[in-house]
file start_33.cif (mmCIF, C-alpha atoms and all ligand atoms)
data_run
#
loop_
_atom_site.label_atom_id
_atom_site.label_comp_id
_atom_site.auth_asym_id
_atom_site.auth_seq_id
_atom_site.Cartn_x
_atom_site.Cartn_y
_atom_site.Cartn_z
CA MET C 1 0.00 0.00 0.00
CA GLY C 2 1.21 3.52 -0.82
CA ASP C 3 4.00 2.48 -3.20
CA THR C 4 4.83 3.82 -6.64
CA VAL C 5 5.01 1.10 -9.30
CA ILE C 6 5.10 0.84 -13.10
CA ASP C 7 3.19 -1.32 -15.55
CA ALA C 8 5.48 -0.98 -18.59
CA THR C 9 3.05 -2.70 -20.98
CA ALA C 10 -0.57 -1.94 -20.00
CA GLY C 11 -2.22 -3.91 -22.83
CA ASN C 12 -5.73 -4.86 -21.77
CA GLY C 13 -5.07 -3.70 -18.23
CA HIS C 14 -5.03 -6.94 -16.25
CA ASP C 15 -1.66 -6.18 -14.67
CA THR C 16 -2.53 -2.49 -14.17
CA VAL C 17 -5.66 -3.47 -12.22
CA PHE C 18 -3.63 -5.93 -10.12
CA LEU C 19 -1.05 -3.23 -9.31
CA ALA C 20 -3.69 -0.57 -8.60
CA GLN C 21 -5.31 -2.91 -6.06
CA LEU C 22 -1.95 -3.51 -4.37
CA VAL C 23 -0.85 0.14 -4.05
CA GLY C 24 -4.25 1.51 -3.00
CA ARG C 25 -5.40 5.13 -3.07
CA GLN C 26 -2.19 6.38 -1.44
CA GLY C 27 -0.02 4.77 -4.10
CA ARG C 28 0.58 5.45 -7.78
CA VAL C 29 0.69 3.19 -10.85
CA TRP C 30 2.33 4.56 -13.98
CA ALA C 31 1.01 2.48 -16.89
CA PHE C 32 2.55 2.78 -20.37
CA ASP C 33 1.40 1.56 -23.76
CA VAL C 34 1.87 2.81 -27.32
CA GLN C 35 -1.67 1.82 -28.37
CA SER C 36 -4.55 4.15 -27.54
CA SER C 37 -6.99 1.22 -27.77
CA ALA C 38 -4.99 -0.68 -25.12
CA LEU C 39 -5.12 2.31 -22.77
CA ALA C 40 -8.86 2.73 -23.40
CA SER C 41 -9.42 -0.89 -22.48
CA THR C 42 -7.27 -0.48 -19.36
CA GLN C 43 -9.16 2.67 -18.40
CA GLU C 44 -12.49 0.86 -18.70
CA LYS C 45 -11.33 -1.95 -16.39
CA LEU C 46 -10.03 0.54 -13.84
CA GLN C 47 -13.29 2.50 -13.85
CA GLN C 48 -15.35 -0.65 -13.41
CA GLN C 49 -13.42 -1.37 -10.21
CA ASP C 50 -13.13 2.23 -9.02
CA LEU C 51 -9.33 2.15 -9.32
CA SER C 52 -8.70 5.06 -11.72
CA ALA C 53 -7.65 7.54 -9.03
CA GLN C 54 -4.30 5.89 -8.33
CA VAL C 55 -3.32 5.25 -11.97
CA SER C 56 -1.64 7.49 -14.54
CA LEU C 57 -2.12 6.11 -18.06
CA ILE C 58 0.61 7.25 -20.45
CA GLN C 59 0.43 6.78 -24.21
CA SER C 60 4.16 6.50 -24.79
CA GLY C 61 6.83 3.89 -25.25
CA HIS C 62 8.12 2.51 -21.96
CA GLU C 63 11.62 3.50 -23.14
CA CYS C 64 10.59 7.06 -22.17
CA MET C 65 9.59 6.17 -18.59
CA GLU C 66 12.32 8.34 -17.06
CA LYS C 67 10.51 11.41 -18.41
CA TYR C 68 7.54 10.61 -16.20
CA CYS C 69 8.75 8.67 -13.16
CA GLN C 70 11.20 9.51 -10.38
CA HIS C 71 13.67 7.26 -8.59
CA GLY C 72 12.15 5.21 -5.77
CA VAL C 73 9.80 2.92 -7.71
CA LYS C 74 9.09 -0.33 -5.81
CA ALA C 75 8.08 -2.64 -8.67
CA ILE C 76 8.02 -2.68 -12.47
CA MET C 77 6.20 -5.23 -14.63
CA PHE C 78 6.99 -5.93 -18.28
CA ASN C 79 4.70 -8.31 -20.18
CA LEU C 80 6.39 -8.11 -23.57
CA GLY C 81 5.24 -9.21 -27.02
CA TYR C 82 1.95 -8.27 -28.62
CA LEU C 83 -1.60 -8.03 -27.43
CA PRO C 84 -3.50 -11.17 -28.53
CA GLY C 85 -6.12 -10.26 -31.11
CA ALA C 86 -4.69 -6.78 -31.73
CA ASP C 87 -2.36 -5.40 -34.41
CA LYS C 88 1.00 -7.21 -34.30
CA GLN C 89 2.81 -4.13 -35.60
CA TYR C 90 2.74 -3.06 -31.95
CA THR C 91 4.91 -5.96 -30.81
CA THR C 92 7.60 -4.84 -28.38
CA GLN C 93 11.11 -4.58 -29.88
CA ALA C 94 14.43 -5.76 -28.46
CA ALA C 95 16.18 -2.36 -28.59
CA THR C 96 13.42 -0.30 -26.95
CA SER C 97 12.59 -3.02 -24.41
CA LEU C 98 16.23 -3.19 -23.36
CA GLN C 99 16.39 0.60 -23.09
CA ALA C 100 13.26 0.54 -20.91
CA ILE C 101 14.68 -2.21 -18.69
CA LYS C 102 17.85 -0.18 -18.15
CA SER C 103 15.81 2.93 -17.29
CA GLY C 104 13.56 0.87 -15.02
CA LEU C 105 16.50 -0.55 -13.08
CA SER C 106 17.82 2.95 -12.43
CA LEU C 107 14.38 4.07 -11.21
CA LEU C 108 13.94 1.12 -8.84
CA ALA C 109 14.38 1.68 -5.10
CA LYS C 110 16.64 -0.54 -3.02
CA ASN C 111 14.86 -3.89 -2.69
CA GLY C 112 12.69 -3.03 -5.68
CA LEU C 113 11.55 -5.80 -8.02
CA MET C 114 11.24 -6.02 -11.80
CA SER C 115 9.38 -8.83 -13.57
CA ILE C 116 9.78 -9.45 -17.30
CA VAL C 117 7.65 -11.99 -19.23
CA LEU C 118 9.22 -13.00 -22.54
CA TYR C 119 7.67 -14.74 -25.55
CA PRO C 120 10.34 -16.52 -27.64
CA GLY C 121 7.65 -18.47 -29.58
CA HIS C 122 7.57 -15.84 -32.38
CA ALA C 123 10.50 -14.49 -34.40
CA GLN C 124 10.71 -11.00 -32.92
CA GLY C 125 10.10 -12.37 -29.43
CA LYS C 126 12.99 -14.79 -29.80
CA ILE C 127 15.42 -11.98 -30.68
CA GLU C 128 14.03 -9.87 -27.84
CA ALA C 129 14.27 -12.69 -25.27
CA GLN C 130 17.86 -13.48 -26.27
CA THR C 131 18.90 -9.82 -26.18
CA ILE C 132 17.39 -9.23 -22.76
CA GLU C 133 18.55 -12.51 -21.24
CA ASN C 134 22.11 -11.87 -22.41
CA TRP C 135 22.12 -8.41 -20.92
CA VAL C 136 20.56 -9.24 -17.52
CA SER C 137 22.89 -12.25 -17.17
CA SER C 138 25.81 -9.84 -16.98
CA LEU C 139 24.41 -7.68 -14.17
CA PRO C 140 26.71 -7.67 -11.12
CA GLN C 141 25.47 -10.11 -8.52
CA GLN C 142 26.33 -7.73 -5.67
CA GLU C 143 23.77 -5.28 -7.08
CA PHE C 144 21.08 -7.49 -8.60
CA ALA C 145 19.71 -10.98 -8.07
CA VAL C 146 18.43 -12.24 -11.44
CA LEU C 147 16.17 -15.29 -11.48
CA GLN C 148 14.49 -17.19 -14.28
CA TYR C 149 11.18 -19.09 -14.10
CA ARG C 150 10.40 -21.36 -17.04
CA PHE C 151 8.56 -24.49 -18.20
CA ILE C 152 10.91 -27.45 -18.64
CA ASN C 153 8.33 -29.86 -20.07
CA ARG C 154 6.64 -27.74 -22.74
CA VAL C 155 7.35 -27.65 -26.49
CA ASN C 156 7.53 -24.71 -28.97
CA ASP C 157 9.51 -22.12 -27.06
CA PRO C 158 7.01 -21.32 -24.29
CA PRO C 159 6.94 -17.95 -22.53
CA TYR C 160 9.13 -17.54 -19.47
CA ALA C 161 9.72 -14.97 -16.78
CA LEU C 162 12.72 -13.15 -15.35
CA LEU C 163 12.66 -11.60 -11.90
CA LEU C 164 15.22 -8.96 -10.93
CA HIS C 165 15.78 -7.86 -7.35
CA LYS C 166 17.76 -4.65 -6.82
CA ARG C 167 19.88 -5.29 -3.74
CA VAL C 168 21.54 -1.90 -3.22
C1 LIG L 1 1.52 -8.76 -24.03
S1 LIG L 1 0.80 -7.18 -24.18
C2 LIG L 1 0.58 -6.66 -22.50
C3 LIG L 1 -0.54 -7.34 -21.75
C4 LIG L 1 -1.00 -6.61 -20.51
N1 LIG L 1 -0.01 -6.57 -19.47
C5 LIG L 1 -2.33 -7.10 -19.97
O1 LIG L 1 -2.46 -7.30 -18.76
O2 LIG L 1 -3.24 -7.25 -20.77
C6 LIG L 1 2.11 -6.15 -24.73
C7 LIG L 1 1.75 -4.69 -24.89
O3 LIG L 1 2.95 -3.95 -25.09
C8 LIG L 1 2.60 -2.81 -25.85
N2 LIG L 1 3.81 -2.18 -26.39
C9 LIG L 1 4.48 -2.40 -27.54
N3 LIG L 1 5.56 -1.61 -27.64
C10 LIG L 1 5.58 -0.86 -26.50
C11 LIG L 1 6.45 0.16 -26.00
N4 LIG L 1 7.55 0.54 -26.67
N5 LIG L 1 6.14 0.72 -24.82
C12 LIG L 1 5.04 0.35 -24.12
N6 LIG L 1 4.19 -0.62 -24.53
C13 LIG L 1 4.46 -1.21 -25.72
C14 LIG L 1 1.65 -3.35 -26.90
O4 LIG L 1 0.87 -2.31 -27.43
C15 LIG L 1 0.84 -4.36 -26.06
O5 LIG L 1 -0.35 -3.79 -25.60
#

call {"tool": "encode", "arguments": {"input": "start_33.cif", "output": "structure tokens", "more": "lines below"}}
Ligand SMILES: C[S@@+](CC[C@H](N)C(=O)[O-])C[C@H]1O[C@@H](n2cnc3c(N)ncnc32)[C@H](O)[C@@H]1O
result
Amino acid sequence: MGDTVIDATAGNGHDTVFLAQLVGRQGRVWAFDVQSSALASTQEKLQQQDLSAQVSLIQSGHECMEKYCQHGVKAIMFNLGYLPGADKQYTTQAATSLQAIKSGLSLLAKNGLMSIVLYPGHAQGKIEAQTIENWVSSLPQQEFAVLQYRFINRVNDPPYALLLHKRV
């Protein structure tokens, strides 16, 4: 309750609603998406649950998050890829996702958490997952704990998650 957090990929708003419930009226969720239709759908879900007051919806790439948010963020969620059923031209891209992850890590408070869900089952997602995994693997262990959570009995390059804990 009362924390500032970021949903870096608002999409249909499921994660934004989850975060808005966690931070409460005293907190703040900054939710980014490049698609106006995604933000409209997120806004509708928030209104239905009376959660709009603690959420700022930003139509901008998450790579610009430092323009909006200050240091001290407690959690950042990335659910990369594209919105099922929507236009795939809005799929997240390796270069901008990596830029956003770097910005996000500098905005995180000590003990802050970042989750990243990756989708290597499509061509762009595979490049993105490899780029991000390579980069986070090299983070100094004194500063960040980097964990991976993945299926080990599923075919066709299933999605997987990375969790980063900022230790200092
Ligand atoms: C897998 S969906 C997110 C799902 C969402 N978290 C939910 O709960 O429904 C990925 C989203 O990332 C958005 N996206 C693509 N490029 C982006 C960027 N540079 N910055 C922010 N969002 C972006 C897409 O428009 C899409 O809505």

call {"tool": "residues_near_ligand", "arguments": {"input": "start_33.cif", "ligand": "ligand LIG 1 (chain L)", "cutoff": "6 Å", "atoms": "all atoms listed in the file", "output": "list in words"}}
result
Ala8, Thr9, Ala10, Gly11, Asn12, Gly13, His14, Asp15, Phe32, Asp33, Val34, Gln35, Ala38, Gly61, His62, Asn79, Leu80, Gly81, Tyr82, Leu83, Tyr90, Thr91, Thr92 and Thr96 of chain C

call {"tool": "atom_distance", "arguments": {"input": "start_33.cif", "atom1": "CA of Ala86 (chain C)", "atom2": "CA of Leu19 (chain C)"}}
result
23.0 Å

call {"tool": "atom_distance", "arguments": {"input": "start_33.cif", "atom1": "CA of Thr16 (chain C)", "atom2": "CA of Ala109 (chain C)"}}
result
19.6 Å

call {"tool": "atom_distance", "arguments": {"input": "start_33.cif", "atom1": "CA of Leu107 (chain C)", "atom2": "CA of Gly72 (chain C)"}}
result
6.0 Å

call {"tool": "closest_residue", "arguments": {"input": "start_33.cif", "among": "C:Met114, C:Met1, C:Asn156, C:Pro120", "to": "Val136 (chain C)", "atoms": "all atoms listed in the file"}}
result
C:Met114

call {"tool": "closest_residue", "arguments": {"input": "start_33.cif", "among": "C:Glu128, C:Asp7, C:Asp50, C:Asp87", "to": "Pro159 (chain C)", "atoms": "only C-alpha atoms"}}
result
C:Glu128

call {"tool": "closest_residue", "arguments": {"input": "start_33.cif", "among": "C:Lys74, C:Lys110, C:His122, C:Arg28", "to": "Leu57 (chain C)", "atoms": "all atoms listed in the file"}}
result
C:Arg28

call {"tool": "closest_residue", "arguments": {"input": "start_33.cif", "among": "C:Ser60, C:Gln54, C:Ser41, C:Ser36", "to": "Thr4 (chain C)", "atoms": "only C-alpha atoms"}}
result
C:Gln54

call {"tool": "residues_around", "arguments": {"input": "start_33.cif", "residues": "His165 (chain C)", "least_positions_apart": "6", "cutoff": "9 Å", "atoms": "all atoms listed in the file", "output": "PDB file with C-alpha atoms, in the coordinates of the input"}}
result
ATOM      1  CA  LYS C 110      16.640  -0.540  -3.020  1.00  0.00           C
ATOM      2  CA  ASN C 111      14.860  -3.890  -2.690  1.00  0.00           C
ATOM      3  CA  GLY C 112      12.690  -3.030  -5.680  1.00  0.00           C
ATOM      4  CA  LEU C 113      11.550  -5.800  -8.020  1.00  0.00           C
ATOM      5  CA  MET C 114      11.240  -6.020 -11.800  1.00  0.00           C
ATOM      6  CA  SER C 115       9.380  -8.830 -13.570  1.00  0.00           C
ATOM      7  CA  GLU C 143      23.770  -5.280  -7.080  1.00  0.00           C
ATOM      8  CA  PHE C 144      21.080  -7.490  -8.600  1.00  0.00           C
ATOM      9  CA  ALA C 145      19.710 -10.980  -8.070  1.00  0.00           C
ATOM     10  CA  VAL C 146      18.430 -12.240 -11.440  1.00  0.00           C
ATOM     11  CA  LEU C 147      16.170 -15.290 -11.480  1.00  0.00           C
TER      12      LEU C 147
END

call {"tool": "closest_residue", "arguments": {"input": "start_33.cif", "among": "C:Ile58, C:Ile6, C:Glu44, C:Val23", "to": "Ala100 (chain C)", "atoms": "only C-alpha atoms"}}
result
C:Ile6
